[in-house]
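Asker: Next up, work.cif (mmCIF, C-alpha atoms and all ligand atoms).
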```cif
data_start
loop_
_atom_site.label_atom_id
_atom_site.label_comp_id
_atom_site.auth_asym_id
_atom_site.auth_seq_id
_atom_site.Cartn_x
_atom_site.Cartn_y
_atom_site.Cartn_z
CA MET A 1 0.00 0.00 0.00
CA SER A 2 1.46 3.39 -0.96
CA ASP A 3 1.64 6.24 1.50
CA GLN A 4 -0.92 8.12 -0.54
CA ASP A 5 -3.58 5.52 0.15
CA SER A 6 -2.85 5.23 3.83
CA ILE A 7 -5.19 6.98 6.24
CA TYR A 8 -3.58 8.40 9.37
CA LEU A 9 -6.09 8.91 12.17
CA ASP A 10 -3.78 8.92 15.19
CA HIS A 11 -2.90 12.60 15.52
CA ALA A 12 -3.14 12.41 19.32
CA ALA A 13 -0.10 10.10 19.24
CA THR A 14 1.90 12.42 17.01
CA THR A 15 1.60 14.60 13.90
CA PRO A 16 3.79 14.90 10.80
CA CYS A 17 6.14 17.88 10.81
CA ASP A 18 4.78 20.72 8.66
CA PRO A 19 7.24 21.33 5.76
CA ARG A 20 7.24 25.06 6.65
CA VAL A 21 8.50 24.08 10.10
CA VAL A 22 11.30 21.97 8.62
CA ASP A 23 12.31 24.91 6.39
CA ALA A 24 12.44 27.24 9.38
CA MET A 25 14.58 24.77 11.35
CA ASN A 26 17.09 23.91 8.64
CA PRO A 27 19.52 26.86 8.95
CA TYR A 28 19.90 26.16 12.66
CA PHE A 29 21.58 22.81 12.09
CA THR A 30 24.40 23.95 9.83
CA GLU A 31 24.61 27.74 9.57
CA VAL A 32 23.47 29.22 12.85
CA PHE A 33 24.92 26.42 14.95
CA GLY A 34 26.59 28.46 17.72
CA ASN A 35 26.06 27.79 21.39
CA PRO A 36 23.72 30.53 22.67
CA SER A 37 25.76 30.80 25.88
CA THR A 38 28.81 32.05 23.95
CA MET A 39 29.71 35.68 23.31
CA TYR A 40 30.90 35.71 19.70
CA GLU A 41 28.66 36.41 16.73
CA GLY A 42 27.55 32.83 16.03
CA GLY A 43 26.47 32.41 19.64
CA ARG A 44 24.73 35.76 19.73
CA LYS A 45 22.75 34.88 16.61
CA ALA A 46 21.59 31.63 18.17
CA LYS A 47 20.71 33.46 21.39
CA GLN A 48 18.68 35.98 19.43
CA ALA A 49 16.76 33.23 17.67
CA LEU A 50 16.17 31.50 21.00
CA GLU A 51 14.73 34.64 22.59
CA GLY A 52 12.58 35.29 19.52
CA ALA A 53 11.10 31.82 19.82
CA ARG A 54 10.48 32.39 23.53
CA GLU A 55 8.52 35.53 22.69
CA THR A 56 6.46 33.66 20.09
CA ILE A 57 5.52 30.91 22.55
CA ALA A 58 4.77 33.43 25.30
CA ASN A 59 2.49 35.41 22.98
CA ALA A 60 0.76 32.24 21.84
CA ILE A 61 -0.47 31.46 25.36
CA GLY A 62 -0.80 34.97 26.79
CA ALA A 63 2.36 34.76 28.92
CA LYS A 64 5.55 36.80 29.36
CA PRO A 65 8.77 35.51 27.73
CA GLU A 66 10.51 35.05 31.10
CA GLU A 67 7.73 32.66 32.12
CA ILE A 68 8.65 30.15 29.38
CA ILE A 69 11.12 27.27 29.94
CA PHE A 70 12.03 25.19 26.91
CA THR A 71 12.09 21.45 27.57
CA SER A 72 12.51 18.15 25.73
CA GLY A 73 8.73 17.72 25.36
CA GLY A 74 5.45 17.14 27.16
CA THR A 75 6.83 14.45 29.44
CA GLU A 76 9.67 16.61 30.75
CA SER A 77 7.36 19.62 31.17
CA ASP A 78 4.93 17.52 33.23
CA ASN A 79 7.70 15.95 35.33
CA HIS A 80 9.33 19.32 35.92
CA ALA A 81 6.06 20.93 36.96
CA ILE A 82 5.00 18.23 39.41
CA ILE A 83 8.34 17.25 40.91
CA GLY A 84 9.60 20.85 40.86
CA LEU A 85 6.54 22.18 42.70
CA ALA A 86 6.50 19.30 45.17
CA GLU A 87 10.17 19.82 46.04
CA ALA A 88 9.71 23.57 46.43
CA GLY A 89 6.65 22.90 48.63
CA LYS A 90 8.51 20.37 50.73
CA MET A 91 11.00 23.06 51.76
CA LYS A 92 8.01 24.84 53.35
CA GLY A 93 6.62 21.71 54.99
CA LYS A 94 4.09 20.83 52.30
CA LYS A 95 3.61 17.17 51.57
CA HIS A 96 0.31 16.75 49.70
CA ILE A 97 -0.23 16.48 45.94
CA VAL A 98 -3.46 16.26 43.96
CA THR A 99 -4.17 14.96 40.49
CA THR A 100 -6.80 13.02 38.51
CA PRO A 101 -7.06 9.40 37.38
CA ILE A 102 -7.32 10.35 33.69
CA GLU A 103 -3.94 12.08 33.36
CA HIS A 104 -1.27 11.04 30.90
CA HIS A 105 1.38 8.74 32.35
CA ALA A 106 3.77 11.72 32.20
CA VAL A 107 1.77 13.11 35.15
CA LEU A 108 0.67 9.91 36.89
CA GLU A 109 4.16 8.41 37.10
CA PRO A 110 5.85 11.43 38.73
CA ALA A 111 2.88 11.61 41.13
CA GLU A 112 3.42 7.96 42.08
CA TYR A 113 7.15 8.59 42.38
CA LEU A 114 6.51 11.41 44.85
CA LYS A 115 4.10 9.22 46.78
CA ALA A 116 6.85 6.62 47.16
CA ARG A 117 9.10 9.43 48.45
CA GLY A 118 6.73 10.38 51.27
CA PHE A 119 4.14 12.69 49.70
CA GLU A 120 0.44 12.04 50.21
CA LEU A 121 -1.37 11.65 46.91
CA THR A 122 -5.06 12.43 46.35
CA ILE A 123 -6.62 11.23 43.10
CA LEU A 124 -9.77 13.21 42.32
CA PRO A 125 -12.92 11.54 40.99
CA VAL A 126 -14.18 12.21 37.43
CA ASP A 127 -17.74 11.81 36.18
CA GLU A 128 -18.89 9.49 33.37
CA HIS A 129 -17.81 12.03 30.75
CA GLY A 130 -14.37 12.41 32.30
CA ILE A 131 -15.05 15.82 33.86
CA VAL A 132 -13.38 16.92 37.12
CA HIS A 133 -15.86 19.01 39.12
CA PRO A 134 -14.49 22.12 40.86
CA GLU A 135 -16.30 21.31 44.14
CA GLU A 136 -14.41 17.99 44.27
CA VAL A 137 -11.15 19.92 44.04
CA LYS A 138 -12.28 22.25 46.81
CA LYS A 139 -13.04 19.29 49.09
CA VAL A 140 -9.51 17.87 48.99
CA LEU A 141 -7.31 20.98 49.16
CA ARG A 142 -5.26 21.35 52.36
CA ASP A 143 -2.90 23.87 53.89
CA ASP A 144 -0.04 21.58 52.98
CA THR A 145 -1.03 20.94 49.33
CA ALA A 146 2.03 21.60 47.20
CA VAL A 147 0.58 21.05 43.73
CA VAL A 148 -2.65 20.33 41.89
CA SER A 149 -2.24 18.90 38.38
CA ILE A 150 -5.30 18.61 36.14
CA MET A 151 -5.00 18.17 32.39
CA HIS A 152 -6.70 20.67 30.10
CA SER A 153 -7.91 18.10 27.57
CA ASN A 154 -7.68 14.34 27.64
CA ASN A 155 -5.62 12.48 25.04
CA GLU A 156 -7.86 9.41 24.96
CA VAL A 157 -11.43 10.68 25.08
CA GLY A 158 -10.92 14.37 24.24
CA THR A 159 -12.81 15.77 27.23
CA ILE A 160 -11.96 19.41 28.05
CA GLN A 161 -11.94 20.34 31.73
CA PRO A 162 -13.66 23.43 33.21
CA LEU A 163 -10.23 24.74 34.14
CA SER A 164 -11.19 28.39 34.63
CA GLU A 165 -13.68 27.24 37.29
CA ILE A 166 -11.19 24.87 38.89
CA SER A 167 -8.50 27.55 39.02
CA LYS A 168 -10.80 29.83 41.04
CA VAL A 169 -10.77 27.16 43.73
CA THR A 170 -7.00 26.63 43.69
CA LYS A 171 -6.32 30.37 43.60
CA GLU A 172 -8.53 30.92 46.64
CA ALA A 173 -6.59 28.22 48.48
CA GLY A 174 -3.25 29.61 47.30
CA VAL A 175 -2.20 26.28 45.75
CA PRO A 176 -0.33 26.24 42.42
CA LEU A 177 -2.27 24.64 39.56
CA HIS A 178 -0.46 22.84 36.76
CA THR A 179 -2.24 21.81 33.57
CA ASP A 180 -1.12 19.46 30.82
CA ALA A 181 -2.33 21.28 27.69
CA VAL A 182 -0.39 19.06 25.29
CA GLN A 183 -3.50 17.94 23.39
CA SER A 184 -5.16 21.36 23.50
CA PHE A 185 -2.53 23.69 22.15
CA GLY A 186 -3.09 24.37 18.45
CA SER A 187 -6.51 22.76 18.55
CA VAL A 188 -8.46 25.01 20.93
CA PRO A 189 -7.61 28.42 22.46
CA VAL A 190 -5.09 28.17 25.32
CA ASN A 191 -4.53 31.32 27.37
CA VAL A 192 -2.91 31.08 30.79
CA ASP A 193 -4.89 33.97 32.26
CA ASP A 194 -8.25 32.74 30.95
CA LEU A 195 -7.47 29.28 32.31
CA GLY A 196 -6.05 30.74 35.53
CA CYS A 197 -3.33 28.09 35.72
CA ASP A 198 0.13 28.68 37.20
CA LEU A 199 1.97 26.11 35.11
CA LEU A 200 1.18 24.68 31.68
CA SER A 201 2.82 22.04 29.48
CA ILE A 202 2.93 21.92 25.69
CA SER A 203 4.67 19.58 23.23
CA SER A 204 5.73 20.48 19.70
CA HIS A 205 5.10 17.15 17.97
CA LYS A 206 1.40 17.25 18.86
CA PHE A 207 0.92 20.34 16.64
CA TYR A 208 3.00 19.58 13.54
CA GLY A 209 6.36 20.50 15.04
CA PRO A 210 9.42 18.30 15.65
CA LYS A 211 9.57 15.62 18.33
CA GLY A 212 11.68 16.04 21.45
CA VAL A 213 10.90 19.67 22.22
CA GLY A 214 8.26 21.41 24.29
CA ALA A 215 7.75 24.16 26.80
CA LEU A 216 6.69 24.68 30.38
CA TYR A 217 4.98 27.91 31.36
CA VAL A 218 5.66 28.95 34.96
CA ARG A 219 3.72 31.97 36.23
CA LYS A 220 5.95 34.70 37.66
CA GLY A 221 6.38 34.30 41.42
CA THR A 222 5.72 30.52 41.45
CA ARG A 223 8.32 28.63 43.47
CA ILE A 224 9.67 25.66 41.56
CA ARG A 225 12.87 23.61 41.75
CA PRO A 226 14.76 22.56 38.62
CA LEU A 227 14.51 19.00 37.32
CA ILE A 228 17.60 18.91 35.08
CA ARG A 229 20.67 20.27 36.84
CA GLY A 230 23.93 21.46 35.33
CA GLY A 231 24.59 24.73 33.49
CA ALA A 232 22.80 28.04 33.98
CA GLN A 233 20.63 27.87 30.85
CA GLU A 234 16.97 28.92 30.97
CA ARG A 235 17.73 31.22 33.94
CA ASN A 236 19.02 28.33 36.02
CA ARG A 237 15.77 26.46 35.62
CA ARG A 238 16.70 23.90 32.97
CA ALA A 239 20.32 22.98 32.29
CA SER A 240 21.73 21.73 28.96
CA THR A 241 22.66 23.46 25.72
CA GLU A 242 19.43 24.63 24.15
CA ASN A 243 17.94 22.59 21.31
CA ILE A 244 17.91 25.65 19.03
CA SER A 245 16.64 24.01 15.83
CA GLY A 246 13.93 22.21 17.80
CA ILE A 247 12.91 25.37 19.62
CA ILE A 248 12.74 27.27 16.31
CA GLY A 249 10.54 24.45 14.99
CA LEU A 250 8.32 24.59 18.08
CA ALA A 251 7.83 28.35 17.64
CA LYS A 252 7.16 28.09 13.90
CA ALA A 253 4.66 25.28 14.47
CA ALA A 254 2.92 27.37 17.15
CA GLU A 255 2.75 30.36 14.81
CA ILE A 256 1.17 28.27 12.03
CA ALA A 257 -1.19 26.49 14.43
CA LEU A 258 -2.57 29.75 15.79
CA ALA A 259 -2.91 31.38 12.37
CA GLU A 260 -4.83 28.39 11.01
CA MET A 261 -6.62 27.10 14.12
CA GLU A 262 -10.03 28.60 13.57
CA VAL A 263 -10.45 27.37 10.00
CA THR A 264 -8.80 24.00 10.60
CA SER A 265 -10.69 23.20 13.80
CA ALA A 266 -14.04 24.08 12.21
CA ARG A 267 -13.30 21.77 9.27
CA ILE A 268 -12.08 18.94 11.50
CA THR A 269 -15.11 19.23 13.80
CA LYS A 270 -17.39 18.62 10.81
CA LEU A 271 -15.39 15.56 9.78
CA ARG A 272 -15.39 14.28 13.38
CA ASP A 273 -19.17 14.54 13.56
CA ARG A 274 -19.46 12.80 10.18
CA LEU A 275 -17.36 9.95 11.57
CA VAL A 276 -19.28 9.62 14.86
CA ASN A 277 -22.69 9.69 13.20
CA GLY A 278 -21.46 7.35 10.49
CA LEU A 279 -20.13 4.85 13.05
CA PHE A 280 -23.52 4.75 14.78
CA ASN A 281 -25.13 4.17 11.36
CA VAL A 282 -22.90 1.35 10.18
CA LEU A 283 -22.26 -0.44 13.50
CA THR A 284 -24.59 -1.82 16.15
CA ASP A 285 -23.91 -1.99 19.89
CA ILE A 286 -21.30 0.72 20.21
CA ARG A 287 -20.99 3.47 22.77
CA HIS A 288 -19.52 6.94 22.48
CA ASN A 289 -16.92 7.97 25.08
CA GLY A 290 -16.07 11.39 26.45
CA HIS A 291 -18.12 14.56 26.83
CA PRO A 292 -20.73 15.25 24.10
CA THR A 293 -19.80 18.93 23.68
CA GLU A 294 -16.84 19.79 25.93
CA ARG A 295 -14.34 17.94 23.78
CA LEU A 296 -11.48 18.38 21.34
CA PRO A 297 -12.46 19.00 17.71
CA ASN A 298 -10.47 16.02 16.44
CA ASN A 299 -11.24 13.18 18.86
CA VAL A 300 -13.59 10.24 18.35
CA ASN A 301 -13.58 7.48 20.97
CA ILE A 302 -15.99 4.55 20.90
CA CYS A 303 -16.34 1.13 22.49
CA VAL A 304 -17.47 -1.72 20.27
CA ARG A 305 -19.25 -4.59 21.99
CA GLY A 306 -17.68 -8.02 21.97
CA VAL A 307 -14.52 -6.98 20.14
CA GLU A 308 -10.97 -6.30 21.33
CA GLY A 309 -9.69 -2.82 20.43
CA GLU A 310 -6.28 -4.26 19.51
CA ALA A 311 -7.85 -6.75 17.10
CA MET A 312 -9.72 -3.97 15.30
CA LEU A 313 -6.46 -2.00 15.02
CA LEU A 314 -4.72 -4.90 13.30
CA PHE A 315 -7.51 -5.30 10.75
CA LEU A 316 -7.74 -1.55 10.18
CA ASP A 317 -3.98 -1.48 9.64
CA MET A 318 -4.33 -4.10 6.91
CA LYS A 319 -6.63 -1.64 5.15
CA GLY A 320 -4.05 1.12 5.56
CA ILE A 321 -5.90 2.84 8.39
CA SER A 322 -3.89 3.92 11.47
CA ALA A 323 -5.90 4.38 14.65
CA SER A 324 -5.45 3.68 18.36
CA SER A 325 -7.18 1.72 21.07
CA GLY A 326 -6.31 4.23 23.76
CA SER A 327 -3.08 5.88 24.75
CA ALA A 328 -0.04 4.79 22.75
CA CYS A 329 1.88 4.11 25.95
CA SER A 330 -0.50 1.41 27.13
CA SER A 331 -1.02 -0.33 23.81
CA GLY A 332 1.04 -3.44 23.74
CA SER A 333 -0.29 -4.36 27.15
CA LEU A 334 -3.74 -5.86 27.43
CA GLU A 335 -4.81 -3.66 30.33
CA PRO A 336 -7.87 -1.67 29.31
CA SER A 337 -7.54 2.12 29.32
CA HIS A 338 -7.12 3.65 32.79
CA VAL A 339 -9.06 6.68 31.53
CA LEU A 340 -12.16 4.69 30.52
CA ARG A 341 -12.02 2.69 33.75
CA ALA A 342 -11.89 5.91 35.82
CA MET A 343 -14.99 7.12 33.96
CA GLY A 344 -16.83 4.10 35.31
CA ILE A 345 -16.82 2.09 32.09
CA PRO A 346 -16.77 -1.64 32.91
CA GLN A 347 -13.61 -3.56 32.10
CA GLU A 348 -15.16 -5.75 29.39
CA VAL A 349 -16.58 -2.68 27.64
CA ALA A 350 -13.31 -0.75 27.88
CA HIS A 351 -11.51 -3.61 26.11
CA GLY A 352 -13.41 -2.73 22.94
CA SER A 353 -12.21 0.88 22.75
CA LEU A 354 -11.16 2.49 19.52
CA ARG A 355 -9.82 6.04 19.10
CA PHE A 356 -9.64 8.04 15.89
CA THR A 357 -7.91 11.42 16.07
CA LEU A 358 -8.21 13.57 12.96
CA GLY A 359 -5.70 16.07 11.57
CA LYS A 360 -5.32 18.90 9.13
CA LYS A 361 -4.80 16.58 6.17
CA THR A 362 -7.82 14.38 6.97
CA THR A 363 -10.41 14.39 4.17
CA GLU A 364 -14.06 13.47 3.82
CA GLU A 365 -13.05 10.64 1.46
CA GLN A 366 -10.82 9.19 4.18
CA ILE A 367 -13.64 9.27 6.73
CA ASP A 368 -15.96 7.58 4.26
CA LYS A 369 -13.33 4.91 3.54
CA VAL A 370 -13.14 4.12 7.27
CA LEU A 371 -16.93 3.90 7.45
CA ALA A 372 -16.92 1.58 4.45
CA GLU A 373 -14.25 -0.77 5.84
CA ILE A 374 -15.16 -1.02 9.51
CA PRO A 375 -18.44 -2.98 9.43
CA ALA A 376 -16.85 -6.06 7.85
CA ILE A 377 -14.00 -5.94 10.36
CA VAL A 378 -16.35 -5.76 13.34
CA ASP A 379 -18.63 -8.48 11.89
CA ARG A 380 -15.72 -10.81 11.37
CA LEU A 381 -14.39 -10.31 14.90
CA ARG A 382 -17.83 -10.64 16.43
CA GLN A 383 -18.32 -13.98 14.74
CA MET A 384 -15.57 -15.26 17.00
CA THR A 385 -17.48 -14.35 20.18
CA PRO A 386 -20.86 -15.63 21.38
CA TYR A 387 -23.80 -13.24 21.00
CA GLN A 388 -25.47 -11.79 24.06
CA GLN A 389 -28.23 -9.20 24.47
CA PRO A 390 -26.58 -5.76 24.30
CA PRO A 391 -26.29 -4.31 27.80
CA GLU A 392 -27.23 -0.71 28.64
CA HIS A 393 -23.69 0.55 28.00
CA TYR A 394 -24.12 0.24 24.27
CA LYS A 395 -27.28 2.30 23.81
CA MET A 396 -26.91 5.42 21.69
CA PRO A 397 -26.71 8.43 24.03
CA GLU A 398 -29.73 10.74 23.92
CA TRP A 399 -27.76 13.78 22.79
CA LEU A 400 -26.51 11.82 19.78
CA ALA A 401 -29.89 10.27 19.01
CA ALA A 402 -31.35 13.78 18.96
CA LYS A 403 -28.75 14.80 16.38
CA ALA A 404 -29.27 11.82 14.10
C1 LIG B 1 1.80 13.18 24.11
C2 LIG B 1 1.41 13.65 25.45
C3 LIG B 1 2.35 13.87 26.46
C4 LIG B 1 3.81 13.56 26.27
O1 LIG B 1 4.44 14.46 25.39
P1 LIG B 1 5.86 14.05 24.75
O2 LIG B 1 6.30 15.30 24.06
O3 LIG B 1 5.59 12.93 23.80
O4 LIG B 1 6.76 13.68 25.87
C5 LIG B 1 1.92 14.34 27.67
N1 LIG B 1 0.62 14.59 27.90
C6 LIG B 1 -0.32 14.40 26.95
C7 LIG B 1 -1.74 14.72 27.25
C8 LIG B 1 0.04 13.92 25.70
O5 LIG B 1 -0.90 13.71 24.79
#
```
Could you render the structure from this file as structure tokens?
Answerer:
Amino acid sequence: MSDQDSIYLDHAATTPCDPRVVDAMNPYFTEVFGNPSTMYEGGRKAKQALEGARETIANAIGAKPEEIIFTSGGTESDNHAIIGLAEAGKMKGKKHIVTTPIEHHAVLEPAEYLKARGFELTILPVDEHGIVHPEEVKKVLRDDTAVVSIMHSNNEVGTIQPLSEISKVTKEAGVPLHTDAVQSFGSVPVNVDDLGCDLLSISSHKFYGPKGVGALYVRKGTRIRPLIRGGAQERNRRASTENISGIIGLAKAAEIALAEMEVTSARITKLRDRLVNGLFNVLTDIRHNGHPTERLPNNVNICVRGVEGEAMLLFLDMKGISASSGSACSSGSLEPSHVLRAMGIPQEVAHGSLRFTLGKKTTEEQIDKVLAEIPAIVDRLRQMTPYQQPPEHYKMPEWLAAKA
């Protein structure tokens, strides 16, 4: 199968680099290669480019340039935020951290790490749509809470949190709020003052930039310890010679994403709705996951009764269609998605999850091809399992039935 025929619907896992981003990066590998910490012209040029990129990223999220730390990606930004805040809090006697069960592993693992090092960890509940309710946050905050980390939008089911409401609660309690906005940036508006967060993570390769580069926003006045120690780069907050070409790519990708977001997101939303409605038309006994309206424009997540998500992926792949059964990190294991489980979806239902995440190159023809191929795949797999009456979980939700 040629690349032209293949249908990529896994943009939450990663996106292709925009050729305009590659063009912007190129001179910084071979021509402007100086170390930005040096004084001579080549170094100064690199430093200038670095500070320009910082300004671009700051403007893109409504921050000040000095509030931006460049990192190696979403994972490092999340680790830095959580471990850095916890360690700063510990110096003042704080020993409590708060997060949610639907976070990316880049948040959950550092939280577990801190728990093993003596911090108390509270995991907030989410409702059946994956929403964290502000009053639940209020209930658990303590005088010794060092950090609250709640993602802006979820990578598996696309649910967007009421962060501006949640931040009112954390602000009142004087607790720093970190948000993982890796899936949101470039897809929906992200402004640190509107959200009211104190820290925010983004990752370049989720919005058509290069892999291995991201940023962490840290609101002025927030106490945080460094994660990577060594040189004095990034105002002593993140050591190591700056990844100039990557950072230039990150900034260029951000610039393009913002310029094109409105048009692109509107187009993708239409295609997403075509896919969801189409799936309910061509398949029986499926359920839709995530919030009906408070969700990313590009995310479709369903559970198909009596079928393993992984099995569907293999058959879709044979037809040249790339999708996911949940988060990329947990595929390969047969554990059902921790996100779906936290939303109260029974284990056997969660096993049948399938995620399609659309992108700027996705076309109507591609969506229709998926809708044409999937019924035979599901039929074939279902023939291998005994038929039972469909349980409640697979009824079409009312909001969707009303639309159809
Ligand atoms: C992809 C992703 C990350 C990790 O980002 P990397 O740049 O791949 O390290 C973190 N959080 C969310 C929500 C993501 O989707």
Asker: Around the point (-6.8, 15.9, 21.0) (coordinates from the file), which residues reach within 9 Å if we count all atoms listed in the file? Answer as an MDAnalysis selection string.
Answerer: chainID A and resid 11:12 153:159 182:185 187 206 295:299 357:358
Asker: Hey, which residues come within 10 Å of ligand LIG 1 (chain B) if we count only C-alpha atoms and all ligand atoms? Could you give them as a PyMOL selection string?
Answerer: chain A and resi 11-14+71-79+102-107+151-156+158+179-184+201-206+210-215+327-329
Asker: Ala88 in chain A: which residues within 9 Å, counting all atoms listed in the file, same-chain residues fewer than 5 positions away excluded, as a list in words?
Answerer: Ile83, Lys94, Ala146, Arg223, Ile224 and Arg225 of chain A
Asker: Restricting the output to C-alpha atoms, write the selected residues as a PDB file, in the frame of the given file.
Answerer:
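Produced file out25.pdb, reproduced below:
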```pdb
ATOM      1  CA  ILE A  83       8.340  17.250  40.910  1.00  0.00           C
ATOM      2  CA  LYS A  94       4.090  20.830  52.300  1.00  0.00           C
ATOM      3  CA  ALA A 146       2.030  21.600  47.200  1.00  0.00           C
ATOM      4  CA  ARG A 223       8.320  28.630  43.470  1.00  0.00           C
ATOM      5  CA  ILE A 224       9.670  25.660  41.560  1.00  0.00           C
ATOM      6  CA  ARG A 225      12.870  23.610  41.750  1.00  0.00           C
TER       7      ARG A 225
END
```
Asker: Taking only C-alpha atoms into account, which of A:Val192, A:Leu340, A:Val276, A:Leu371 comes nearest Ile61 in chain A?
Answerer: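 Looking only at the distances to Ile61 in chain A, the closest residue turns out to be A:Val192.
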Asker: Nearest to Glu55 in chain A among A:Ile247, A:Val22, A:Leu334, A:Ala259, with distances taken over only C-alpha atoms: which residue is it?
Answerer: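 Once distances to Glu55 in chain A are computed over only C-alpha atoms, the minimum belongs to A:Ile247.
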Asker: Distance CA of Asn236 in chain A-CA of Phe119 in chain A, one decimal place?
Answerer: 25.6 Å
Asker: Using only the atoms of range 288-302 of chain A listed in the file, plus 5 Å on each side, state the axis-aligned box centre and edge lengths in Å rounded to one decimal, as AutoDock Vina command-line options.
Answerer:
```
--center_x -15.6 --center_y 12.2 --center_z 21.6 --size_x 20.3 --size_y 25.2 --size_z 20.4
```
Asker: Name the residues in contact with Leu271 in chain A at a cut-off of 8 Å, using all atoms listed in the file, excluding same-chain residues fewer than 2 positions from it; report them as a VMD selection string.
Answerer: chain A and resid 267 to 269 273 to 275 363 to 364 367
Asker: Determine the nearest neighbour of Asp144 in chain A from the options A:Met91, A:Glu310, A:Ser240, A:Gly42, counting all atoms listed in the file.
Answerer: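 Looking only at the distances to Asp144 in chain A, the closest residue turns out to be A:Met91.
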Asker: Choose the residue, out of A:Glu348, A:Asp368, A:Asp18, A:Glu112, that has the smallest atom-to-atom separation from Ala257 in chain A; count all atoms listed in the file.
Answerer: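 With all atoms listed in the file as the atom set, the closest residue is A:Asp18.
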Asker: Would you mind reading off the distance between CA of Ala60 in chain A and CA of Glu262 in chain A, one decimal, in Å?
Answerer: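 Distance between the two atoms: 14.1 Å.
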Asker: With all atoms listed in the file as the atoms that count, which of A:Ile248, A:Ala402, A:Leu177, A:Leu121 lies nearest to Arg54 in chain A?
Answerer: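 Checking each of A:Ile248, A:Ala402, A:Leu177, A:Leu121 against Arg54 in chain A, counting all atoms listed in the file, the winner is A:Ile248.
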Asker: Go through A:Glu172, A:Asp198, A:Glu135, A:Glu308 one by one, measure the shortest atom-to-atom distance of each to Val147 in chain A using all atoms listed in the file, and give the residue with the smallest value.
Answerer: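 The shortest atom-to-atom distance to Val147 in chain A comes from A:Asp198.
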